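Chemist: For reference, this is data-v2.cif, and it has mmCIF, C-alpha atoms.
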data_start
loop_
_atom_site.label_atom_id
_atom_site.label_comp_id
_atom_site.auth_asym_id
_atom_site.auth_seq_id
_atom_site.Cartn_x
_atom_site.Cartn_y
_atom_site.Cartn_z
CA MET A 1 30.38 36.38 33.90
CA LYS A 2 28.54 34.39 31.26
CA THR A 3 25.55 35.84 29.51
CA VAL A 4 22.54 33.63 30.18
CA PHE A 5 19.08 33.46 28.70
CA SER A 6 15.85 32.45 30.38
CA ILE A 7 14.07 29.30 29.25
CA GLY A 8 11.41 31.47 27.61
CA ASP A 9 13.94 33.47 25.60
CA THR A 10 15.84 30.32 24.68
CA ALA A 11 12.66 28.70 23.41
CA LYS A 12 11.71 31.82 21.42
CA ILE A 13 15.15 32.17 19.81
CA HIS A 14 15.13 28.52 18.67
CA HIS A 15 11.44 28.42 17.69
CA ILE A 16 10.59 25.62 20.08
CA SER A 17 8.41 25.42 23.17
CA LYS A 18 9.49 25.69 26.78
CA GLN A 19 7.98 22.24 27.29
CA THR A 20 10.48 20.85 24.77
CA LEU A 21 13.42 22.29 26.75
CA ILE A 22 11.98 20.94 29.99
CA TYR A 23 11.63 17.51 28.37
CA TYR A 24 15.23 17.60 27.08
CA ASP A 25 16.35 18.44 30.61
CA THR A 26 14.24 15.63 32.10
CA ILE A 27 15.75 12.96 29.83
CA GLY A 28 19.26 14.34 30.22
CA LEU A 29 19.63 15.41 26.61
CA LEU A 30 20.25 19.09 27.33
CA LYS A 31 20.82 20.41 30.84
CA PRO A 32 20.48 24.16 31.47
CA TYR A 33 23.56 26.18 32.42
CA LYS A 34 22.01 26.85 35.78
CA VAL A 35 18.73 26.58 37.70
CA ASP A 36 17.57 29.30 40.05
CA PRO A 37 17.11 27.49 43.42
CA SER A 38 14.46 29.97 44.54
CA ASN A 39 12.02 29.23 41.72
CA ASN A 40 13.58 26.33 39.73
CA TYR A 41 13.75 28.58 36.65
CA ARG A 42 16.15 27.35 33.97
CA TYR A 43 18.82 29.51 32.29
CA TYR A 44 20.93 28.71 29.24
CA SER A 45 24.28 30.03 28.02
CA MET A 46 25.77 30.13 24.52
CA ASP A 47 27.34 26.73 25.21
CA GLU A 48 23.89 25.19 25.57
CA PHE A 49 22.76 27.11 22.47
CA ALA A 50 25.49 25.35 20.46
CA ILE A 51 24.41 21.93 21.73
CA LEU A 52 20.76 22.77 21.13
CA ASP A 53 21.55 23.74 17.54
CA VAL A 54 23.13 20.31 17.02
CA ILE A 55 20.12 18.58 18.59
CA LEU A 56 17.64 20.47 16.42
CA LEU A 57 19.68 19.83 13.27
CA LEU A 58 19.87 16.10 13.90
CA LYS A 59 16.21 15.98 14.92
CA ASP A 60 15.29 17.75 11.67
CA LEU A 61 17.24 15.04 9.82
CA GLY A 62 15.13 12.40 11.55
CA VAL A 63 17.72 11.12 14.02
CA PRO A 64 16.01 9.62 17.11
CA LEU A 65 16.58 11.46 20.40
CA LYS A 66 18.26 8.44 22.01
CA GLN A 67 20.78 8.28 19.17
CA ILE A 68 21.36 12.03 19.44
CA GLN A 69 22.00 11.61 23.15
CA ASP A 70 24.56 8.87 22.53
CA TYR A 71 26.22 10.96 19.83
CA LEU A 72 26.55 14.04 22.05
CA LYS A 73 28.38 12.06 24.72
CA LYS A 74 31.35 11.33 22.43
CA ARG A 75 31.41 13.51 19.34
CA THR A 76 34.31 12.95 16.97
CA VAL A 77 34.83 13.46 13.28
CA SER A 78 34.58 9.71 12.67
CA SER A 79 31.39 9.36 14.76
CA SER A 80 29.90 12.34 12.89
CA ILE A 81 30.67 10.68 9.56
CA GLU A 82 29.15 7.41 10.76
CA LEU A 83 26.00 9.13 12.04
CA PHE A 84 25.43 11.10 8.85
CA GLU A 85 26.10 8.06 6.66
CA GLN A 86 23.52 6.09 8.65
CA GLN A 87 21.02 8.90 8.29
CA GLN A 88 21.74 9.19 4.58
CA LYS A 89 20.87 5.49 4.19
CA ARG A 90 17.60 6.03 6.10
CA ILE A 91 16.72 8.98 3.88
CA ASP A 92 17.53 6.98 0.74
CA GLU A 93 15.18 4.24 1.96
CA LYS A 94 12.47 6.82 2.68
CA ILE A 95 12.89 8.19 -0.83
CA ARG A 96 12.52 4.67 -2.27
CA SER A 97 9.47 4.10 -0.07
CA LEU A 98 7.91 7.40 -1.15
CA LYS A 99 8.58 6.53 -4.79
CA ARG A 100 6.82 3.18 -4.33
CA THR A 101 3.89 4.99 -2.73
CA LYS A 102 3.84 7.51 -5.57
CA ASP A 103 3.89 4.69 -8.14
CA LYS A 104 0.93 3.02 -6.41
CA ILE A 105 -1.00 6.29 -6.41
CA THR A 106 -0.11 6.84 -10.09
CA ASN A 107 -1.33 3.34 -10.99
CA LYS A 108 -4.58 3.68 -9.08
CA LEU A 109 -5.13 7.19 -10.47
CA ALA A 110 -4.73 5.76 -13.97
CA VAL A 111 -7.38 3.13 -13.16
CA PHE A 112 -9.71 5.84 -11.80
CA ARG A 113 -9.22 8.01 -14.89
CA ASP A 114 -9.72 5.08 -17.25
CA TYR A 115 -12.89 4.20 -15.39
CA ALA A 116 -14.14 7.80 -15.53
CA GLN A 117 -13.46 8.06 -19.27
CA GLU A 118 -14.40 4.55 -20.36
CA GLU A 119 -17.88 4.05 -21.72
CA PHE A 120 -18.53 0.57 -20.40
CA VAL A 121 -21.12 -1.61 -22.09
CA PHE A 122 -22.48 -3.81 -19.36
CA ASP A 123 -23.87 -7.33 -19.67
CA VAL A 124 -22.65 -7.80 -23.26
CA PRO A 125 -20.00 -10.53 -23.75
CA PHE A 126 -17.06 -9.91 -26.07
CA ILE A 127 -13.68 -11.41 -26.99
CA HIS A 128 -10.45 -9.72 -25.95
CA HIS A 129 -6.79 -10.72 -26.17
CA PHE A 130 -4.71 -10.27 -23.00
CA PRO A 131 -0.93 -10.46 -22.59
CA LEU A 132 0.70 -12.58 -19.90
CA ARG A 133 -0.08 -11.12 -16.50
CA HIS A 134 1.71 -11.56 -13.16
CA VAL A 135 -0.12 -11.95 -9.86
CA ILE A 136 0.30 -12.83 -6.21
CA GLU A 137 -2.55 -15.27 -5.56
CA ILE A 138 -3.60 -16.90 -2.32
CA PRO A 139 -6.18 -19.68 -2.01
CA MET A 140 -9.43 -18.87 -0.29
CA GLU A 141 -10.70 -21.06 2.55
CA GLN A 142 -13.95 -22.79 1.69
CA PRO A 143 -16.72 -22.06 1.41
CA GLY A 144 -15.40 -19.12 -0.62
CA ASP A 145 -18.37 -16.97 0.24
CA LEU A 146 -18.52 -13.21 0.85
CA LEU A 147 -17.24 -13.58 4.42
CA GLN A 148 -14.19 -15.57 3.28
CA PHE A 149 -13.73 -13.11 0.43
CA ASN A 150 -13.32 -10.22 2.87
CA ILE A 151 -11.14 -12.28 5.23
CA SER A 152 -8.92 -13.27 2.28
CA ILE A 153 -8.49 -9.62 1.23
CA LYS A 154 -7.09 -8.88 4.69
CA LYS A 155 -4.84 -11.96 4.54
CA LEU A 156 -3.52 -10.95 1.13
CA MET A 157 -2.79 -7.39 2.23
CA MET A 158 -1.04 -8.61 5.38
CA TYR A 159 1.04 -11.02 3.32
CA LEU A 160 2.04 -8.30 0.87
CA ARG A 161 3.13 -6.03 3.74
CA LYS A 162 5.06 -8.86 5.42
CA GLN A 163 6.88 -9.70 2.18
CA ASN A 164 7.40 -6.03 1.34
CA ILE A 165 5.45 -6.40 -1.91
CA ASP A 166 3.78 -3.25 -3.14
CA PHE A 167 -0.02 -3.38 -3.17
CA ASN A 168 -1.37 -1.41 -6.12
CA TYR A 169 -5.04 -1.66 -5.07
CA GLN A 170 -5.86 -3.85 -8.08
CA LEU A 171 -7.70 -6.83 -6.65
CA GLY A 172 -9.15 -9.86 -8.35
CA SER A 173 -10.56 -13.27 -7.56
CA THR A 174 -11.00 -16.61 -9.28
CA THR A 175 -13.97 -18.96 -9.55
CA THR A 176 -13.73 -22.55 -10.73
CA LEU A 177 -15.44 -23.61 -13.94
CA GLN A 178 -17.24 -26.32 -11.98
CA ASN A 179 -18.81 -23.79 -9.61
CA ILE A 180 -19.87 -21.64 -12.56
CA LYS A 181 -21.55 -24.60 -14.29
CA ASN A 182 -23.20 -25.57 -11.00
CA GLY A 183 -24.70 -22.10 -10.64
CA LEU A 184 -22.36 -21.09 -7.81
CA PRO A 185 -20.32 -18.26 -9.33
CA ASP A 186 -20.16 -16.37 -6.04
CA ILE A 187 -18.07 -19.17 -4.46
CA ASN A 188 -14.49 -18.06 -5.04
CA ALA A 189 -11.38 -20.23 -5.14
CA SER A 190 -8.69 -17.59 -4.61
CA ILE A 191 -7.92 -13.89 -4.46
CA PHE A 192 -5.05 -12.08 -6.16
CA THR A 193 -3.44 -8.77 -6.94
CA LEU A 194 -1.64 -7.82 -10.14
CA ILE A 195 2.10 -7.13 -9.97
CA ASP A 196 4.40 -5.59 -12.55
CA LYS A 197 6.91 -8.39 -13.12
CA PRO A 198 7.86 -11.97 -12.19
CA MET A 199 9.21 -12.60 -8.71
CA LYS A 200 10.36 -15.47 -6.53
CA ASP A 201 7.46 -16.02 -4.15
CA PRO A 202 5.48 -19.16 -3.22
CA PHE A 203 2.25 -17.38 -4.19
CA TYR A 204 3.49 -15.97 -7.49
CA ARG A 205 1.36 -17.06 -10.45
CA THR A 206 0.78 -16.03 -14.05
CA ILE A 207 -2.48 -15.52 -15.91
CA PRO A 208 -1.84 -16.96 -19.38
CA ALA A 209 -1.75 -14.76 -22.44
CA GLY A 210 -4.56 -15.51 -24.85
CA ASP A 211 -8.08 -14.77 -26.02
CA TYR A 212 -10.73 -14.46 -23.34
CA VAL A 213 -14.50 -14.25 -23.32
CA CYS A 214 -15.21 -11.15 -21.24
CA ILE A 215 -18.09 -9.24 -19.76
CA TYR A 216 -18.42 -6.05 -17.71
CA PHE A 217 -20.82 -6.27 -14.81
CA LYS A 218 -22.10 -3.46 -12.61
CA GLY A 219 -23.43 -4.47 -9.23
CA ASN A 220 -22.83 -6.19 -5.94
CA TYR A 221 -20.54 -9.22 -5.71
CA GLU A 222 -23.55 -11.27 -4.58
CA ASP A 223 -25.27 -10.69 -7.95
CA PHE A 224 -22.74 -12.52 -10.16
CA SER A 225 -25.26 -15.11 -11.41
CA LYS A 226 -26.53 -12.82 -14.17
CA PRO A 227 -23.21 -12.05 -15.94
CA TYR A 228 -22.12 -15.68 -15.73
CA GLN A 229 -25.40 -16.85 -17.27
CA LEU A 230 -24.83 -14.38 -20.11
CA LEU A 231 -21.25 -15.61 -20.56
CA LEU A 232 -22.25 -19.27 -20.65
CA GLN A 233 -25.04 -18.56 -23.12
CA TYR A 234 -22.63 -16.61 -25.35
CA ILE A 235 -20.09 -19.44 -25.22
CA GLU A 236 -22.76 -22.01 -26.11
CA ASP A 237 -24.24 -19.89 -28.92
CA HIS A 238 -20.82 -19.52 -30.57
CA GLY A 239 -19.71 -23.11 -30.05
CA TYR A 240 -16.72 -22.14 -27.94
CA THR A 241 -15.08 -24.15 -25.19
CA VAL A 242 -13.32 -22.47 -22.32
CA LYS A 243 -11.03 -23.41 -19.48
CA GLY A 244 -11.15 -22.27 -15.92
CA PRO A 245 -10.77 -20.62 -13.68
CA ALA A 246 -12.71 -17.45 -14.36
CA TYR A 247 -10.81 -14.30 -13.45
CA GLU A 248 -12.79 -11.47 -11.87
CA PHE A 249 -11.05 -8.09 -11.95
CA SER A 250 -12.30 -5.26 -9.77
CA ILE A 251 -12.40 -2.05 -11.79
CA SER A 252 -14.53 0.00 -9.42
CA ASP A 253 -14.72 -1.31 -5.87
CA MET A 254 -14.60 -0.31 -2.19
CA TYR A 255 -11.59 1.90 -2.91
CA THR A 256 -13.50 3.88 -5.53
CA VAL A 257 -17.17 4.13 -4.58
CA SER A 258 -19.18 3.80 -1.38
CA ASN A 259 -22.24 2.15 -2.91
CA SER A 260 -21.68 -1.55 -3.70
CA ALA A 261 -24.35 -1.31 -6.42
CA GLU A 262 -21.84 0.86 -8.33
CA TYR A 263 -19.07 -1.75 -8.27
CA VAL A 264 -17.77 -2.62 -11.74
CA THR A 265 -16.16 -6.01 -12.38
CA GLU A 266 -14.61 -7.47 -15.50
CA ILE A 267 -15.14 -11.24 -15.70
CA THR A 268 -12.99 -13.25 -18.10
CA LEU A 269 -12.79 -16.89 -19.18
CA GLU A 270 -9.94 -18.16 -21.36
CA LEU A 271 -10.90 -19.62 -24.72
CA ASN A 272 -9.33 -22.91 -25.69
CA LYS A 273 -6.68 -22.34 -28.35
CA GLY A 274 -7.88 -22.12 -31.93
CA GLU A 275 -11.33 -20.90 -30.95
CA SER A 276 -10.83 -17.14 -30.95
CA ILE A 277 -12.50 -14.83 -33.43
#
Could you show the structure in this file as structure tokens?

Modeler:
Amino acid sequence: MKTVFSIGDTAKIHHISKQTLIYYDTIGLLKPYKVDPSNNYRYYSMDEFAILDVILLLKDLGVPLKQIQDYLKKRTVSSSIELFEQQQKRIDEKIRSLKRTKDKITNKLAVFRDYAQEEFVFDVPFIHHFPLRHVIEIPMEQPGDLLQFNISIKKLMMYLRKQNIDFNYQLGSTTTLQNIKNGLPDINASIFTLIDKPMKDPFYRTIPAGDYVCIYFKGNYEDFSKPYQLLLQYIEDHGYTVKGPAYEFSISDMYTVSNSAEYVTEITLELNKGESI
């Protein structure tokens, strides 16, 4: 006569709940050795223990229950190899995905630390040389006001997810030179995110290398008139000419602080060649 174990003992031995065993029985994944007709109590033998061990192993490896069920119906050496190779590929992809997530966290952490350590001088224009930068940029529907700005952020993030492009939480926007001169710096033309390298994508763009007139501004996005007035005055005082668009880089934003008055933005306008200092 076979030695049998109650559902409670079986659950305790395998460190699972009785509800799990009942569920496995319900879906036909693991049937008990026998069921007491007087009280419907389930009992399991060592044969079921062996199958349960396989189920728990594969479940721990992330194999879906339906695939485990199919596998148990016709186990062979070749099917075992195929199953484990498939799972190895899934794990490799998870590792790559986790690495991408880690890289994004590392990049954003670096931005946070730079921000915490940097002693920003606000509202004072200066000249800075930037290397070539790579972005994914999408046009903003007009009028490019604050509502469209927020809608465009969502569109950009959805596009990045759809195209499997990593979002590093470094957002920026552009404003045309015409809008700046017309006193409408808060009307944006596009929104973008920095990426590490060139890629084949219809929205891939580059921000040219060169000398830029820059300014750090602390405050709400709706208060951009002040820094742009300071930039234009600086450009006029020094006899410079610039070309648009203006690039607005979020240094401290919704991902960093809760108070929009604490947002920090770097605004840059490219100098025409030969006019750097």

Chemist: So, with all atoms listed in the file as the atoms that count, which of A:Met254, A:Ile68, A:Val63, A:Asp166 lies closest to Gln86 of chain A?

Modeler: A:Val63

Chemist: May I ask for the distance between atom CA of Phe167 of chain A and atom CA of Ile151 of chain A, given in Å to one decimal place?

Modeler: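 Atom CA of Ile151 of chain A lies 16.5 Å from atom CA of Phe167 of chain A.
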
Chemist: Per residue of segment 34-123 of chain A within 12 Å of segment 201-220 of chain A, note the shortest atom pair and the distance in Å to one decimal, counting only C-alpha atoms, and order the rows by chain and increasing residue number, as CSV.

Modeler:
residue,atom,partner,partner_atom,distance
A:Tyr115,CA,A:Tyr216,CA,11.9
A:Glu118,CA,A:Tyr216,CA,11.6
A:Glu119,CA,A:Tyr216,CA,10.9
A:Phe120,CA,A:Tyr216,CA,7.1
A:Val121,CA,A:Tyr216,CA,6.8
A:Phe122,CA,A:Tyr216,CA,4.9
A:Asp123,CA,A:Phe217,CA,5.8

Chemist: Can you list what the PyMOL selection byres ((chain A and resi 28) around 12) grabs from this structure, as a list in words?

Modeler: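 The output of the PyMOL selection byres ((chain A and resi 28) around 12) on this file is Leu21, Ile22, Tyr23, Tyr24, Asp25, Thr26, Ile27, Leu29, Leu30, Lys31, Pro32, Leu65, Lys66, Ile68, Gln69, Asp70, Leu72 and Lys73 of chain A.
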
Chemist: Can you work out which one of A:Ser17, A:Ser250, A:Ser6, A:Gln233 has the shortest atom-to-atom distance to Arg42 of chain A, counting only C-alpha atoms?

Modeler: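 Residue with the minimum atom-to-atom distance to Arg42 of chain A: A:Ser6.
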
Chemist: Quick one: pull the distance between atom CA of Ile55 of chain A and atom CA of Phe5 of chain A, Å, one decimal.

Modeler: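 Result for atom CA of Ile55 of chain A versus atom CA of Phe5 of chain A: 18.0 Å, one decimal.
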
Chemist: When you count all atoms listed in the file, which of these residues is closest to Asp237 of chain A: A:Pro125, A:Lys89, A:Met140, A:Arg96?

Modeler: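 Among A:Pro125, A:Lys89, A:Met140, A:Arg96, it is A:Pro125 that comes nearest to Asp237 of chain A.
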
Chemist: Can you tell me how far atom CA of Tyr255 of chain A sits from atom CA of Asn164 of chain A, in Å to one decimal?

Modeler: 21.0 Å

Chemist: Starting from the displayed file, determine the output of the PyMOL selection byres ((chain A and resi 245) around 12) and express the residue list as a list in words.

Modeler: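 When the PyMOL selection byres ((chain A and resi 245) around 12) is applied, the selected residues are Ser173, Thr174, Thr175, Thr176, Leu177, Gln178, Asn179, Ile180, Lys181, Pro185, Ile187, Asn188, Ala189, Ser190, Ile191, Ile207, Pro208, Tyr212, Val242, Lys243, Gly244, Ala246, Tyr247, Glu248, Ile267, Thr268, Leu269, Glu270 and Leu271 of chain A.
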
Chemist: Using all atoms listed in the file, what residues lie at most 12 Å away from (13.3, 29.2, 23.0) (file coordinates), given as a list in words?

Modeler: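 All residues meeting the 12 Å criterion around (13.3, 29.2, 23.0) are Phe5, Ser6, Ile7, Gly8, Asp9, Thr10, Ala11, Lys12, Ile13, His14, His15, Ile16, Ser17, Lys18, Gln19, Thr20, Leu21, Ile22, Arg42, Tyr43, Tyr44, Glu48, Phe49, Leu52, Asp53 and Leu56 of chain A.
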
Chemist: Mind telling me what the PyMOL selection byres ((chain A and resi 196) around 9) catches here, as a PyMOL selection string?

Modeler: chain A and resi 133-135+194-195+197-198

Chemist: With distances taken over all atoms listed in the file, which of A:Ile138, A:Ala116, A:Lys74, A:Gly62 is nearest to Lys94 of chain A?

Modeler: A:Gly62

Chemist: Restricting the calculation to all atoms listed in the file: of A:Gln170, A:Gln163, A:Asn40, A:Thr3, which residue gets closest to Phe112 of chain A?

Modeler: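 Once distances to Phe112 of chain A are computed over all atoms listed in the file, the minimum belongs to A:Gln170.
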
Chemist: Choose the residue, out of A:Thr265, A:Ser252, A:Ser80, A:Ser258, that has the smallest atom-to-atom separation from Asp223 of chain A; count all atoms listed in the file.

Modeler: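 Among the listed residues, the smallest separation from Asp223 of chain A belongs to A:Thr265.
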
Chemist: Might I get the box with edges along x, y and z of the file that holds all atoms of segment 1-6 of chain A listed there, padded by 3 Å on every side, given as centre and edge lengths in Å to one decimal, as lines of an AutoDock Vina configuration file?

Modeler:
center_x = 23.1
center_y = 34.4
center_z = 31.3
size_x = 20.5
size_y = 9.9
size_z = 11.2

Chemist: Go ahead and find all residues with at least one atom no further than 10 Å from (-7.8, 4.4, -8.5) in the file's coordinates, using all atoms listed in the file; report them as a PyMOL selection string.

Modeler: chain A and resi 104-115+168-170+251-253+255-256

Chemist: Keeping only C-alpha atoms, take the residues you just selected and write them out as a JSON list (two decimals), keeping the file's coordinate frame.

Modeler:
[["chain", "number", "residue", "atom", "x", "y", "z"],
["A", 104, "LYS", "CA", 0.93, 3.02, -6.41],
["A", 105, "ILE", "CA", -1.00, 6.29, -6.41],
["A", 106, "THR", "CA", -0.11, 6.84, -10.09],
["A", 107, "ASN", "CA", -1.33, 3.34, -10.99],
["A", 108, "LYS", "CA", -4.58, 3.68, -9.08],
["A", 109, "LEU", "CA", -5.13, 7.19, -10.47],
["A", 110, "ALA", "CA", -4.73, 5.76, -13.97],
["A", 111, "VAL", "CA", -7.38, 3.13, -13.16],
["A", 112, "PHE", "CA", -9.71, 5.84, -11.80],
["A", 113, "ARG", "CA", -9.22, 8.01, -14.89],
["A", 114, "ASP", "CA", -9.72, 5.08, -17.25],
["A", 115, "TYR", "CA", -12.89, 4.20, -15.39],
["A", 168, "ASN", "CA", -1.37, -1.41, -6.12],
["A", 169, "TYR", "CA", -5.04, -1.66, -5.07],
["A", 170, "GLN", "CA", -5.86, -3.85, -8.08],
["A", 251, "ILE", "CA", -12.40, -2.05, -11.79],
["A", 252, "SER", "CA", -14.53, 0.00, -9.42],
["A", 253, "ASP", "CA", -14.72, -1.31, -5.87],
["A", 255, "TYR", "CA", -11.59, 1.90, -2.91],
["A", 256, "THR", "CA", -13.50, 3.88, -5.53]]
